$ cat structure16.cif   # mmCIF, C-alpha atoms
data_entry
loop_
_atom_site.label_atom_id
_atom_site.label_comp_id
_atom_site.auth_asym_id
_atom_site.auth_seq_id
_atom_site.Cartn_x
_atom_site.Cartn_y
_atom_site.Cartn_z
CA MET A 13 0.00 0.00 0.00
CA ALA A 14 1.34 3.37 -0.99
CA THR A 15 1.85 6.01 1.65
CA ASP A 16 0.68 9.60 1.33
CA PRO A 17 3.68 11.90 1.17
CA ASP A 18 1.63 14.76 2.53
CA PRO A 19 -0.64 13.61 5.43
CA GLU A 20 -2.34 17.07 5.63
CA SER A 21 -3.40 17.05 1.97
CA GLU A 22 -6.89 15.99 0.95
CA HIS A 23 -7.60 13.56 -1.96
CA TRP A 24 -10.78 12.57 -3.70
CA LEU A 25 -11.16 9.19 -5.34
CA ASP A 26 -13.85 9.16 -8.03
CA LEU A 27 -15.18 5.68 -8.55
CA GLY A 28 -17.61 6.74 -11.24
CA PRO A 29 -21.37 6.49 -11.21
CA ASP A 30 -23.21 4.29 -8.77
CA PRO A 31 -24.27 1.22 -10.72
CA ASP A 32 -27.54 1.14 -8.71
CA LEU A 33 -28.46 4.56 -10.05
CA ALA A 34 -27.92 3.51 -13.63
CA GLY A 35 -27.82 6.67 -15.75
CA ASP A 36 -29.06 9.01 -12.99
CA TRP A 37 -25.66 10.16 -11.83
CA ARG A 38 -25.21 13.58 -10.09
CA PRO A 39 -22.07 15.33 -8.92
CA PRO A 40 -21.27 15.15 -5.18
CA ARG A 41 -23.46 17.41 -2.99
CA ARG A 42 -22.08 20.65 -1.50
CA TRP A 43 -23.25 20.45 2.15
CA HIS A 44 -22.09 23.99 3.00
CA TRP A 45 -25.03 25.35 0.99
CA TRP A 46 -27.43 23.47 3.25
CA TYR A 47 -25.68 24.79 6.34
CA ALA A 48 -26.03 28.36 5.08
CA LEU A 49 -29.71 27.87 4.37
CA ALA A 50 -30.30 26.47 7.88
CA ALA A 51 -28.50 29.45 9.47
CA VAL A 52 -30.65 31.92 7.53
CA THR A 53 -33.79 30.10 8.70
CA VAL A 54 -32.73 30.27 12.36
CA VAL A 55 -31.96 34.01 12.16
CA ALA A 56 -35.35 34.70 10.57
CA ALA A 57 -37.12 32.74 13.32
CA VAL A 58 -35.32 34.67 16.06
CA LEU A 59 -36.24 38.02 14.50
CA LEU A 60 -39.88 36.97 14.21
CA THR A 61 -40.00 35.82 17.85
CA ARG A 62 -38.51 39.10 19.10
CA ASN A 63 -41.04 41.09 17.12
CA GLN A 64 -43.93 39.10 18.62
CA HIS A 65 -42.52 39.53 22.13
CA THR A 66 -42.31 43.30 21.64
CA THR A 67 -45.92 43.65 20.53
CA ARG A 68 -47.53 41.22 22.98
CA PRO A 69 -47.91 43.57 26.03
CA LEU A 70 -50.17 45.89 24.07
CA ALA A 71 -52.54 43.06 23.27
CA ALA A 72 -52.43 41.74 26.83
CA ARG A 73 -53.65 44.94 28.49
CA PRO A 74 -56.50 44.02 30.88
CA SER A 75 -59.91 44.86 29.48
CA GLY A 76 -60.74 47.01 32.51
CA SER A 77 -57.67 49.25 32.11
CA PRO A 78 -58.30 52.56 30.35
CA PRO A 79 -56.09 53.64 27.48
CA ALA A 80 -53.61 56.44 28.12
CA SER A 81 -55.07 59.91 27.74
CA ALA A 82 -54.35 63.50 28.62
CA SER A 83 -56.24 63.10 31.90
CA ALA A 84 -54.45 59.94 33.04
CA VAL A 85 -50.94 59.46 34.35
CA ALA A 86 -49.33 56.53 32.58
CA PRO A 87 -48.46 53.94 35.24
CA GLY A 88 -45.20 53.03 33.53
CA SER A 89 -43.92 56.58 33.74
CA ALA A 90 -43.44 56.61 37.52
CA GLY A 91 -40.67 54.92 39.50
CA ARG A 92 -40.45 53.48 42.95
CA LEU A 93 -39.22 55.69 45.74
CA PRO A 94 -35.87 54.87 47.33
CA GLY A 95 -36.28 52.17 49.95
CA ILE A 96 -39.41 50.66 48.40
CA HIS A 97 -38.90 46.94 48.05
CA PRO A 98 -39.96 44.73 45.13
CA PRO A 99 -43.69 44.36 44.54
CA PRO A 100 -45.56 41.49 46.22
CA PRO A 101 -46.28 38.15 44.53
CA GLY A 102 -48.84 38.66 41.82
CA LEU A 103 -47.34 41.89 40.53
CA ARG A 104 -45.42 41.94 37.27
CA SER A 105 -42.53 44.36 36.88
CA THR A 106 -41.08 46.10 33.87
CA ASP A 107 -37.35 46.62 33.45
CA GLN A 108 -36.38 50.28 33.79
CA ALA A 109 -32.67 49.74 33.29
CA GLY A 110 -30.86 52.83 32.18
CA SER A 111 -33.67 55.18 33.17
CA GLY A 112 -32.47 55.78 36.71
CA LEU A 113 -35.67 54.26 38.12
CA GLY A 114 -36.22 51.08 40.08
CA THR A 115 -38.66 48.43 38.94
CA ILE A 116 -42.30 49.39 39.26
CA PRO A 117 -45.48 47.35 39.00
CA THR A 118 -47.19 47.80 35.63
CA THR A 119 -49.94 45.19 35.78
CA PHE A 120 -51.77 43.58 38.69
CA GLU A 121 -53.14 40.06 38.59
CA PRO A 122 -56.94 39.73 38.33
CA THR A 123 -57.37 39.65 42.11
CA LEU A 124 -55.84 43.16 42.21
CA ALA A 125 -57.65 44.49 39.16
CA ASN A 126 -57.31 48.18 38.30
CA ALA A 127 -54.81 48.78 41.10
CA ARG A 128 -52.44 50.44 38.60
CA SER A 129 -54.79 53.25 37.62
CA VAL A 130 -53.92 56.87 38.35
CA THR A 131 -56.25 59.51 36.91
CA VAL A 132 -56.21 63.29 37.26
CA THR A 133 -59.35 65.40 36.92
CA GLU A 134 -59.25 69.16 36.52
CA LEU A 135 -62.56 70.52 37.83
CA GLY A 136 -61.99 73.96 36.35
CA HIS A 137 -62.86 75.83 39.55
CA ARG A 138 -61.67 76.01 43.15
CA LEU A 139 -63.48 73.92 45.74
CA LEU A 140 -62.77 76.26 48.65
CA ASP A 141 -61.11 79.64 48.98
CA VAL A 142 -58.19 78.33 51.01
CA PRO A 143 -54.37 78.50 50.74
CA ALA A 144 -52.88 76.71 47.74
CA GLY A 145 -50.94 74.26 49.91
CA TRP A 146 -54.04 72.67 51.46
CA GLU A 147 -54.61 69.16 50.10
CA LEU A 148 -57.36 66.91 51.40
CA PHE A 149 -56.74 63.16 51.16
CA GLY A 150 -59.40 60.48 51.34
CA GLN A 151 -59.18 56.70 51.66
CA GLY A 152 -61.94 54.28 50.73
CA GLN A 153 -62.34 50.74 49.48
CA GLY A 154 -60.04 50.43 46.49
CA VAL A 155 -59.10 54.10 46.22
CA VAL A 156 -56.95 56.93 47.55
CA VAL A 157 -57.99 60.45 46.53
CA ARG A 158 -55.88 63.60 46.68
CA ILE A 159 -57.82 66.88 46.40
CA GLU A 160 -56.08 70.19 45.78
CA LEU A 161 -58.80 72.41 47.19
CA ARG A 162 -57.82 75.79 45.77
CA ARG A 163 -56.74 74.54 42.34
CA GLY A 164 -59.71 72.23 41.92
CA ARG A 165 -57.69 69.19 40.88
CA VAL A 166 -58.44 65.63 41.98
CA THR A 167 -55.94 62.76 41.69
CA ARG A 168 -57.50 59.33 42.06
CA THR A 169 -55.29 56.28 42.64
CA ALA A 170 -56.82 52.82 42.66
CA VAL A 171 -55.43 50.37 45.24
CA PRO A 172 -56.34 46.76 46.02
CA GLU A 173 -59.56 46.51 48.02
CA VAL A 174 -59.25 45.29 51.60
CA GLY A 175 -61.99 43.08 52.95
CA GLY A 176 -62.97 42.41 56.54
CA ALA A 177 -63.83 44.69 59.40
CA SER A 178 -60.34 45.25 60.81
CA PRO A 179 -59.12 48.87 61.11
CA ILE A 180 -57.21 50.48 58.27
CA PHE A 181 -54.55 53.01 59.23
CA PHE A 182 -54.20 55.96 56.90
CA VAL A 183 -51.16 58.23 57.19
CA VAL A 184 -50.42 61.14 54.87
CA GLY A 185 -46.85 62.37 54.77
CA ALA A 186 -44.87 64.98 52.87
CA ASP A 187 -45.05 63.22 49.50
CA ARG A 188 -47.16 60.09 49.89
CA ALA A 189 -50.12 58.42 51.55
CA ILE A 190 -49.85 55.11 53.39
CA VAL A 191 -52.65 52.56 53.62
CA HIS A 192 -51.99 49.94 56.30
CA PRO A 193 -54.66 47.35 57.15
CA MET A 194 -54.35 45.42 60.37
CA ASP A 195 -54.34 41.61 60.69
CA GLN A 196 -51.37 40.92 58.40
CA VAL A 197 -53.09 42.24 55.29
CA THR A 198 -50.81 43.77 52.67
CA GLY A 199 -50.40 47.54 52.90
CA TYR A 200 -49.66 50.04 50.16
CA VAL A 201 -47.98 53.36 49.65
CA VAL A 202 -49.30 55.89 47.14
CA SER A 203 -46.66 58.45 46.26
CA ASP A 204 -47.94 61.67 44.73
CA ALA A 205 -49.21 61.05 41.16
CA LYS A 206 -47.77 57.52 41.11
CA PRO A 207 -49.31 54.05 41.15
CA ALA A 208 -49.65 52.16 44.41
CA VAL A 209 -46.79 49.88 45.41
CA ARG A 210 -46.30 47.61 48.38
CA LEU A 211 -45.14 49.09 51.67
CA PRO A 212 -41.50 48.58 52.66
CA PRO A 213 -41.23 45.48 54.90
CA PRO A 214 -40.55 47.46 58.12
CA LEU A 215 -43.88 49.25 57.67
CA ASP A 216 -45.77 46.27 56.30
CA ARG A 217 -44.78 44.17 59.32
CA ALA A 218 -45.87 46.84 61.81
CA TYR A 219 -49.03 46.18 63.79
CA SER A 220 -50.23 49.73 63.27
CA VAL A 221 -48.91 53.00 61.84
CA LEU A 222 -49.90 56.51 62.93
CA PRO A 223 -48.85 60.08 62.00
CA GLY A 224 -45.53 61.25 63.40
CA PRO A 225 -44.35 64.60 64.79
CA ASP A 226 -43.53 65.93 61.31
CA PRO A 227 -44.56 65.14 57.72
CA ARG A 228 -41.53 62.92 57.06
CA HIS A 229 -41.93 60.51 59.98
CA LEU A 230 -44.52 58.16 61.41
CA TRP A 231 -45.03 55.96 64.45
CA ALA A 232 -45.03 52.19 63.92
CA GLU A 233 -46.27 49.76 66.56
CA THR A 234 -43.83 46.85 66.48
CA LYS A 235 -43.83 43.57 68.35
CA ALA A 236 -41.01 41.18 69.24
CA GLY A 237 -42.29 38.19 71.18
CA THR A 238 -44.15 39.59 74.17
CA THR A 239 -42.46 43.00 73.90
CA SER A 240 -44.03 45.91 72.04
CA ALA A 241 -42.80 49.41 71.25
CA LEU A 242 -43.63 52.51 69.30
CA SER A 243 -40.81 53.12 66.84
CA LEU A 244 -40.32 56.40 65.02
CA LEU A 245 -39.58 55.64 61.36
CA THR A 246 -39.11 57.57 58.16
CA LEU A 247 -41.83 57.19 55.54
CA ASP A 248 -39.82 54.49 53.78
CA GLY A 249 -39.32 52.49 56.98
CA ARG A 250 -35.86 53.53 58.18
CA PRO A 251 -35.42 53.84 61.97
CA ALA A 252 -35.20 57.40 63.28
CA GLY A 253 -33.51 56.31 66.50
CA ILE A 254 -36.45 56.69 68.91
CA GLN A 255 -38.46 53.92 70.56
CA VAL A 256 -41.11 54.20 73.25
CA PRO A 257 -41.75 50.90 75.07
CA ILE A 258 -45.41 49.89 75.34
CA PRO A 259 -46.30 48.48 78.77
CA GLN A 260 -47.71 44.97 78.68
CA ASP A 261 -51.15 46.09 79.88
CA ALA A 262 -51.38 49.10 77.55
CA THR A 263 -52.89 49.35 74.06
CA VAL A 264 -52.30 51.84 71.28
CA GLN A 265 -55.48 53.79 70.50
CA ALA A 266 -55.00 56.47 67.84
CA SER A 267 -53.14 59.62 66.92
CA ASP A 268 -53.38 62.46 69.42
CA ARG A 269 -53.80 64.89 66.48
CA ALA A 270 -50.50 66.55 67.32
CA GLY A 271 -47.95 64.00 66.09
CA ASN A 272 -47.97 61.72 69.14
CA VAL A 273 -49.90 58.55 70.01
CA LEU A 274 -52.76 57.93 72.45
CA MET A 275 -52.34 54.85 74.61
CA PHE A 276 -54.82 53.35 77.05
CA GLY A 277 -53.44 51.60 80.11
CA ILE A 278 -53.77 51.16 83.86
CA GLY A 279 -54.85 54.46 85.36
CA GLY A 280 -56.36 56.01 82.25
CA MET A 281 -55.31 57.50 78.92
CA TYR A 282 -51.69 58.38 78.15
CA ASP A 283 -49.91 60.40 75.49
CA ALA A 284 -46.85 58.64 74.04
CA ARG A 285 -44.34 61.31 73.05
CA LEU A 286 -40.71 61.38 72.02
CA ASP A 287 -39.69 61.44 75.69
CA GLY A 288 -42.05 58.67 76.86
CA LEU A 289 -45.57 58.34 78.32
CA HIS A 290 -47.53 61.18 79.94
CA ARG A 291 -50.90 60.59 81.55
CA ILE A 292 -53.70 62.78 80.16
CA THR A 293 -56.62 61.75 82.34
CA GLY A 294 -57.84 59.01 84.62
CA GLY A 295 -61.30 59.44 83.10
CA THR A 296 -62.62 59.15 79.54
CA LEU A 297 -60.94 61.11 76.76
CA LEU A 298 -63.53 62.52 74.36
CA ALA A 299 -61.54 64.76 72.03
CA ALA A 300 -57.97 65.81 71.22
CA GLY A 301 -56.36 68.74 69.47
CA PRO A 302 -52.99 70.47 69.23
CA THR A 303 -53.68 72.72 72.25
CA ARG A 304 -56.47 71.10 74.30
CA TRP A 305 -57.89 67.84 75.58
CA LEU A 306 -61.54 67.26 76.40
CA ALA A 307 -62.31 64.61 79.00
CA LEU A 308 -65.03 63.29 81.27
CA GLU A 309 -63.69 62.83 84.79
CA CYS A 310 -65.43 61.49 87.91
CA ASP A 311 -64.64 61.82 91.60
CA GLU A 312 -64.55 59.00 94.17
CA ARG A 313 -68.37 59.10 94.44
CA TYR A 314 -68.85 58.92 90.66
CA ARG A 315 -69.85 62.54 90.23
CA CYS A 316 -68.63 63.31 86.72
CA THR A 317 -67.67 66.59 85.08
CA SER A 318 -66.67 67.66 81.57
CA VAL A 319 -63.13 69.01 81.72
CA VAL A 320 -61.09 71.07 79.26
CA ILE A 321 -57.36 70.41 79.75
CA ASP A 322 -54.64 72.76 78.53
CA ARG A 323 -51.95 70.63 76.89
CA ALA A 324 -49.11 73.04 77.64
CA THR A 325 -49.80 73.66 81.32
CA GLY A 326 -52.08 70.80 82.38
CA GLN A 327 -54.59 73.26 83.85
CA ARG A 328 -58.19 72.01 84.06
CA ARG A 329 -61.37 73.95 83.53
CA SER A 330 -64.86 72.54 84.04
CA LEU A 331 -67.43 72.76 81.26
CA VAL A 332 -71.08 73.01 82.27
CA THR A 333 -72.24 71.03 79.24
CA PRO A 334 -72.75 67.31 80.03
CA LEU A 335 -70.71 65.20 77.61
CA ASP A 336 -71.44 61.68 78.80
CA ALA A 337 -73.35 60.77 75.61
CA TYR A 338 -70.45 61.27 73.19
CA GLN A 339 -68.21 58.61 71.68
CA GLN A 340 -64.90 58.38 73.49
CA ASN A 341 -61.59 59.17 71.83
CA SER A 342 -63.26 60.26 68.59
CA GLY A 343 -63.64 64.03 68.76
CA ALA A 344 -61.42 66.69 67.24
CA ILE A 345 -60.60 70.06 68.86
CA SER A 346 -59.77 73.02 66.64
CA PRO A 347 -56.13 74.16 66.74
CA ASP A 348 -57.12 77.42 68.47
CA GLY A 349 -58.76 75.38 71.25
CA ARG A 350 -62.16 77.08 70.95
CA MET A 351 -64.35 74.43 69.29
CA ALA A 352 -64.75 70.67 69.67
CA ALA A 353 -66.33 68.43 67.03
CA LEU A 354 -67.89 65.45 68.84
CA LEU A 355 -69.69 62.32 67.70
CA GLN A 356 -72.84 61.09 69.44
CA PRO A 357 -73.88 57.47 68.65
CA ASP A 358 -77.41 57.34 67.28
CA GLY A 359 -78.08 53.72 68.31
CA ARG A 360 -78.19 52.49 64.71
CA GLY A 361 -74.49 52.07 63.99
CA ALA A 362 -73.87 55.70 62.99
CA SER A 363 -72.96 58.89 64.85
CA LEU A 364 -74.32 62.44 64.86
CA LEU A 365 -71.85 65.29 64.54
CA GLU A 366 -72.12 68.16 67.04
CA LEU A 367 -70.01 71.27 67.55
CA VAL A 368 -69.37 72.33 71.15
CA ASP A 369 -68.04 75.77 72.04
CA LEU A 370 -65.36 75.12 74.68
CA THR A 371 -65.74 78.61 76.10
CA THR A 372 -69.51 78.86 76.50
CA GLY A 373 -70.37 75.16 76.51
CA VAL A 374 -73.04 75.67 73.83
CA ALA A 375 -73.58 72.54 71.72
CA ARG A 376 -74.92 72.78 68.19
CA LEU A 377 -76.20 69.95 65.97
CA THR A 378 -74.89 70.03 62.41
CA GLY A 379 -77.24 67.56 60.74
CA VAL A 380 -74.24 65.53 59.56
CA THR A 381 -74.10 61.78 60.24
CA THR A 382 -70.89 59.76 60.11
CA GLY A 383 -70.63 56.01 59.87
CA SER A 384 -66.99 55.00 60.39
CA ASP A 385 -65.47 53.62 63.55
CA GLN A 386 -63.27 56.31 65.09
CA THR A 387 -61.87 54.40 68.04
CA ARG A 388 -58.70 53.08 66.40
CA GLY A 389 -56.91 54.42 63.37
CA GLY A 390 -59.91 55.79 61.49
CA ARG A 391 -60.51 59.52 61.16
CA THR A 392 -63.55 61.24 59.66
CA LEU A 393 -62.96 64.64 61.29
CA VAL A 394 -60.07 66.98 60.45
CA TRP A 395 -59.71 70.67 61.31
CA SER A 396 -57.85 73.12 59.10
CA PRO A 397 -54.74 74.68 60.70
CA ASP A 398 -56.44 78.08 61.00
CA SER A 399 -59.53 76.52 62.67
CA SER A 400 -61.82 77.99 59.99
CA TRP A 401 -62.92 74.70 58.40
CA LEU A 402 -63.83 71.25 59.67
CA PHE A 403 -63.52 68.53 57.01
CA VAL A 404 -65.80 65.52 57.38
CA THR A 405 -66.66 62.33 55.53
CA ASP A 406 -70.28 61.47 56.24
CA GLY A 407 -72.15 58.17 56.52
CA ASN A 408 -72.53 57.98 52.73
CA GLY A 409 -68.84 58.53 52.07
CA ARG A 410 -69.30 62.12 50.88
CA LEU A 411 -66.68 64.76 51.61
CA LEU A 412 -68.00 67.85 53.41
CA ALA A 413 -66.57 71.07 54.78
CA LEU A 414 -68.17 72.92 57.72
CA ASP A 415 -67.35 76.47 58.74
CA ARG A 416 -67.32 77.57 62.37
CA THR A 417 -71.07 78.27 62.30
CA GLY A 418 -71.83 74.72 61.21
CA ARG A 419 -72.73 75.66 57.63
CA VAL A 420 -72.13 72.63 55.40
CA VAL A 421 -70.42 72.77 52.00
CA GLU A 422 -70.36 69.57 49.94
CA LEU A 423 -67.11 69.18 48.05
CA GLU A 424 -67.90 68.32 44.43
CA VAL A 425 -65.41 65.57 43.70
CA PRO A 426 -65.67 62.33 41.67
CA GLU A 427 -67.90 59.85 43.42
CA ASP A 428 -65.80 57.44 45.49
CA PRO A 429 -67.13 56.59 48.96
CA ILE A 430 -64.50 57.81 51.44
CA ASP A 431 -64.05 56.19 54.86
CA GLN A 432 -61.41 58.44 56.39
CA ILE A 433 -59.54 61.63 55.62
CA ALA A 434 -56.33 63.56 56.31
CA LEU A 435 -55.20 67.09 55.49
CA ARG A 436 -51.78 68.07 54.19
CA THR A 437 -51.05 71.74 54.45
CA SER A 438 -47.58 72.20 52.98
CA SER A 439 -45.58 70.99 50.00
CA PRO A 440 -42.81 68.41 50.40
#
$ encode --input "structure16.cif" --output "structure tokens"
Amino acid sequence: MATDPDPESEHWLDLGPDPDLAGDWRPPRRWHWWYALAAVTVVAAVLLTRNQHTTRPLAARPSGSPPASASAVAPGSAGRLPGIHPPPPGLRSTDQAGSGLGTIPTTFEPTLANARSVTVTELGHRLLDVPAGWELFGQGQGVVVRIELRRGRVTRTAVPEVGGASPIFFVVGADRAIVHPMDQVTGYVVSDAKPAVRLPPPLDRAYSVLPGPDPRHLWAETKAGTTSALSLLTLDGRPAGIQVPIPQDATVQASDRAGNVLMFGIGGMYDARLDGLHRITGGTLLAAGPTRWLALECDERYRCTSVVIDRATGQRRSLVTPLDAYQQNSGAISPDGRMAALLQPDGRGASLLELVDLTTGVARLTGVTTGSDQTRGGRTLVWSPDSSWLFVTDGNGRLLALDRTGRVVELEVPEDPIDQIALRTSSP
């Protein structure tokens, strides 16, 4: 057998036509042409798949979601605030790489339908002749509403509805509103003009949240085993370095309407402040405000008196008007300390709103009925900082404003039943 002098050379040996093919002989096939054709086919398939992937989200928009318009804020145009953690299971996210924004939820699963919607309505007229910085917020089932009273603009943000009868805590800060249901139900934060996203874990895990001493902080009731405390946190859940221990036999009640927290315990009602607990009264607290308390106190023989308490000095002054028929811990005192808005249960699950002059003791019915529970977290009464207006949500979820005489003005806003309200009076 002959050897190949050049082992790296390539030789072809043509044996002629295949006898089985008779006269149907063809030259040897060039397989590289087939390889080229296969590569072209693969590239075309990849391009087609990418094109389908790009167009699919438009076709998958939920039927209940409105198209973008001049009066709606596109949900995909807003980013998460720093410190907000990824959305909960059931939320899809869109990649915002390169835009400087974090991931934001763009579509909710069917159980959270319409929770991405943010719409803005320009009413074309002012609702009240008040300073431009006054913004009234409302929270109801499936919605948070922001009302710029002087401008006449309403921003409506849909949020997941919360079932059950447990309290819902509603805190409005410098640039966002926080919705926090009790009983381990998911809470949400609604930043101004942005879709709702899940609360940061430190806030979501809190047992309750209440307004803090300034617009950029809040109080969170936290538990660790059998130990509880009020922790001062930033609006995105970072510790502010202050904790107030909660005694084992005490329970958090509500905001004291001045940035602190009311706490009921042995011996009466206490005010939890930055420097600890301070007892307000050994009796029943009826109303709170920035400068006054209103309480019902009894002596050792159960002779009870209505008492106005000065918050700065602790001085007490008796009020001749009997107040034993009013709902405890639900009233609101005007910032100037002259007027108290009190709720009187009507025996049918609602309450009647009355205004009581804390100087003369004269009580005046307003004709307004409220229906929300005010004893923990909920608030249907809010005074303006100049004491000229009392904002109310009534038993039908309507938003009302009352002047000092009790005259009622219905605020003409889009119809969303509102359970509780808050007033923001300055820009972030």
$ resolve_selection --input "structure16.cif" --expression "the PyMOL selection byres ((chain A and resi 259-266) around 12)" --output "ChimeraX atom specification"
/A:179-183,219-224,231-235,237-242,256-258,267-284,288-289,297,299-300,340-343,385-391
$ closest_residue --input "structure16.cif" --among "A:Arg158, A:Arg138, A:Arg323, A:Arg410" --to "Gly301 (chain A)" --atoms "only C-alpha atoms"
A:Arg323
$ atom_distance --input "structure16.cif" --atom1 "CA of Val184 (chain A)" --atom2 "CA of Pro357 (chain A)"
27.5 Å
$ closest_atom_pairs --input "structure16.cif" --of "region 274-329 of chain A" --to "region 361-370 of chain A" --cutoff "12 Å" --atoms "all atoms listed in the file" --output "JSON lines"
{"residue": "A:Leu298", "atom": "CA", "partner": "A:Val368", "partner_atom": "CA", "distance": 11.9}
{"residue": "A:Ala299", "atom": "CA", "partner": "A:Val368", "partner_atom": "CA", "distance": 10.9}
{"residue": "A:Arg304", "atom": "CA", "partner": "A:Leu370", "partner_atom": "CA", "distance": 9.8}
{"residue": "A:Trp305", "atom": "CA", "partner": "A:Leu370", "partner_atom": "CA", "distance": 10.5}
{"residue": "A:Leu306", "atom": "CA", "partner": "A:Leu370", "partner_atom": "CA", "distance": 8.9}
{"residue": "A:Ala307", "atom": "CA", "partner": "A:Leu370", "partner_atom": "CA", "distance": 11.8}
{"residue": "A:Ser318", "atom": "CA", "partner": "A:Leu370", "partner_atom": "CA", "distance": 10.2}
{"residue": "A:Val319", "atom": "CA", "partner": "A:Leu370", "partner_atom": "CA", "distance": 9.6}
{"residue": "A:Val320", "atom": "CA", "partner": "A:Leu370", "partner_atom": "CA", "distance": 7.5}
{"residue": "A:Ile321", "atom": "CA", "partner": "A:Leu370", "partner_atom": "CA", "distance": 10.6}
{"residue": "A:Asp322", "atom": "CA", "partner": "A:Leu370", "partner_atom": "CA", "distance": 11.6}
{"residue": "A:Arg329", "atom": "CA", "partner": "A:Leu370", "partner_atom": "CA", "distance": 9.8}
$ atom_distance --input "structure16.cif" --atom1 "CA of Pro426 (chain A)" --atom2 "CA of Val209 (chain A)"
22.9 Å
$ resolve_selection --input "structure16.cif" --expression "the PyMOL selection byres ((chain A and resi 316) around 12)" --output "count of residues only"
22
$ atom_distance --input "structure16.cif" --atom1 "CA of Leu423 (chain A)" --atom2 "CA of Val166 (chain A)"
11.2 Å
$ decode --input "structure16.cif" --residues "region 355-372 of chain A" --atoms "N, CA and C atoms" --output "mmCIF file, in the first residue's frame"
data_model
loop_
_atom_site.group_PDB
_atom_site.id
_atom_site.type_symbol
_atom_site.label_atom_id
_atom_site.label_comp_id
_atom_site.auth_asym_id
_atom_site.auth_seq_id
_atom_site.Cartn_x
_atom_site.Cartn_y
_atom_site.Cartn_z
ATOM 1 N N LEU A 355 -68.787 63.273 68.325
ATOM 2 C CA LEU A 355 -69.693 62.316 67.700
ATOM 3 C C LEU A 355 -70.568 61.669 68.763
ATOM 4 N N GLN A 356 -71.876 61.691 68.525
ATOM 5 C CA GLN A 356 -72.837 61.091 69.443
ATOM 6 C C GLN A 356 -73.489 59.888 68.762
ATOM 7 N N PRO A 357 -73.271 58.658 69.275
ATOM 8 C CA PRO A 357 -73.880 57.473 68.653
ATOM 9 C C PRO A 357 -75.398 57.608 68.595
ATOM 10 N N ASP A 358 -75.960 57.216 67.436
ATOM 11 C CA ASP A 358 -77.413 57.341 67.276
ATOM 12 C C ASP A 358 -78.156 56.036 67.565
ATOM 13 N N GLY A 359 -77.442 54.991 67.993
ATOM 14 C CA GLY A 359 -78.081 53.720 68.311
ATOM 15 C C GLY A 359 -78.331 52.837 67.110
ATOM 16 N N ARG A 360 -77.968 53.281 65.917
ATOM 17 C CA ARG A 360 -78.191 52.492 64.706
ATOM 18 C C ARG A 360 -76.892 52.258 63.936
ATOM 19 N N GLY A 361 -75.774 52.333 64.627
ATOM 20 C CA GLY A 361 -74.489 52.073 63.991
ATOM 21 C C GLY A 361 -73.825 53.305 63.386
ATOM 22 N N ALA A 362 -74.450 54.463 63.501
ATOM 23 C CA ALA A 362 -73.868 55.700 62.988
ATOM 24 C C ALA A 362 -73.714 56.689 64.133
ATOM 25 N N SER A 363 -73.163 57.859 63.821
ATOM 26 C CA SER A 363 -72.955 58.890 64.847
ATOM 27 C C SER A 363 -73.364 60.248 64.306
ATOM 28 N N LEU A 364 -73.905 61.083 65.204
ATOM 29 C CA LEU A 364 -74.318 62.436 64.857
ATOM 30 C C LEU A 364 -73.205 63.411 65.217
ATOM 31 N N LEU A 365 -72.910 64.323 64.318
ATOM 32 C CA LEU A 365 -71.845 65.294 64.544
ATOM 33 C C LEU A 365 -72.400 66.543 65.225
ATOM 34 N N GLU A 366 -71.753 66.931 66.339
ATOM 35 C CA GLU A 366 -72.120 68.155 67.037
ATOM 36 C C GLU A 366 -70.880 69.022 67.236
ATOM 37 N N LEU A 367 -71.073 70.312 67.252
ATOM 38 C CA LEU A 367 -70.014 71.266 67.546
ATOM 39 C C LEU A 367 -70.262 71.863 68.928
ATOM 40 N N VAL A 368 -69.242 71.825 69.782
ATOM 41 C CA VAL A 368 -69.366 72.335 71.148
ATOM 42 C C VAL A 368 -68.366 73.467 71.340
ATOM 43 N N ASP A 369 -68.890 74.622 71.738
ATOM 44 C CA ASP A 369 -68.042 75.767 72.040
ATOM 45 C C ASP A 369 -67.385 75.533 73.402
ATOM 46 N N LEU A 370 -66.062 75.448 73.435
ATOM 47 C CA LEU A 370 -65.363 75.116 74.675
ATOM 48 C C LEU A 370 -65.241 76.303 75.625
ATOM 49 N N THR A 371 -65.716 77.463 75.204
ATOM 50 C CA THR A 371 -65.744 78.615 76.099
ATOM 51 C C THR A 371 -67.100 78.762 76.763
ATOM 52 N N THR A 372 -68.154 78.686 75.968
ATOM 53 C CA THR A 372 -69.510 78.862 76.498
ATOM 54 C C THR A 372 -70.197 77.556 76.847
#
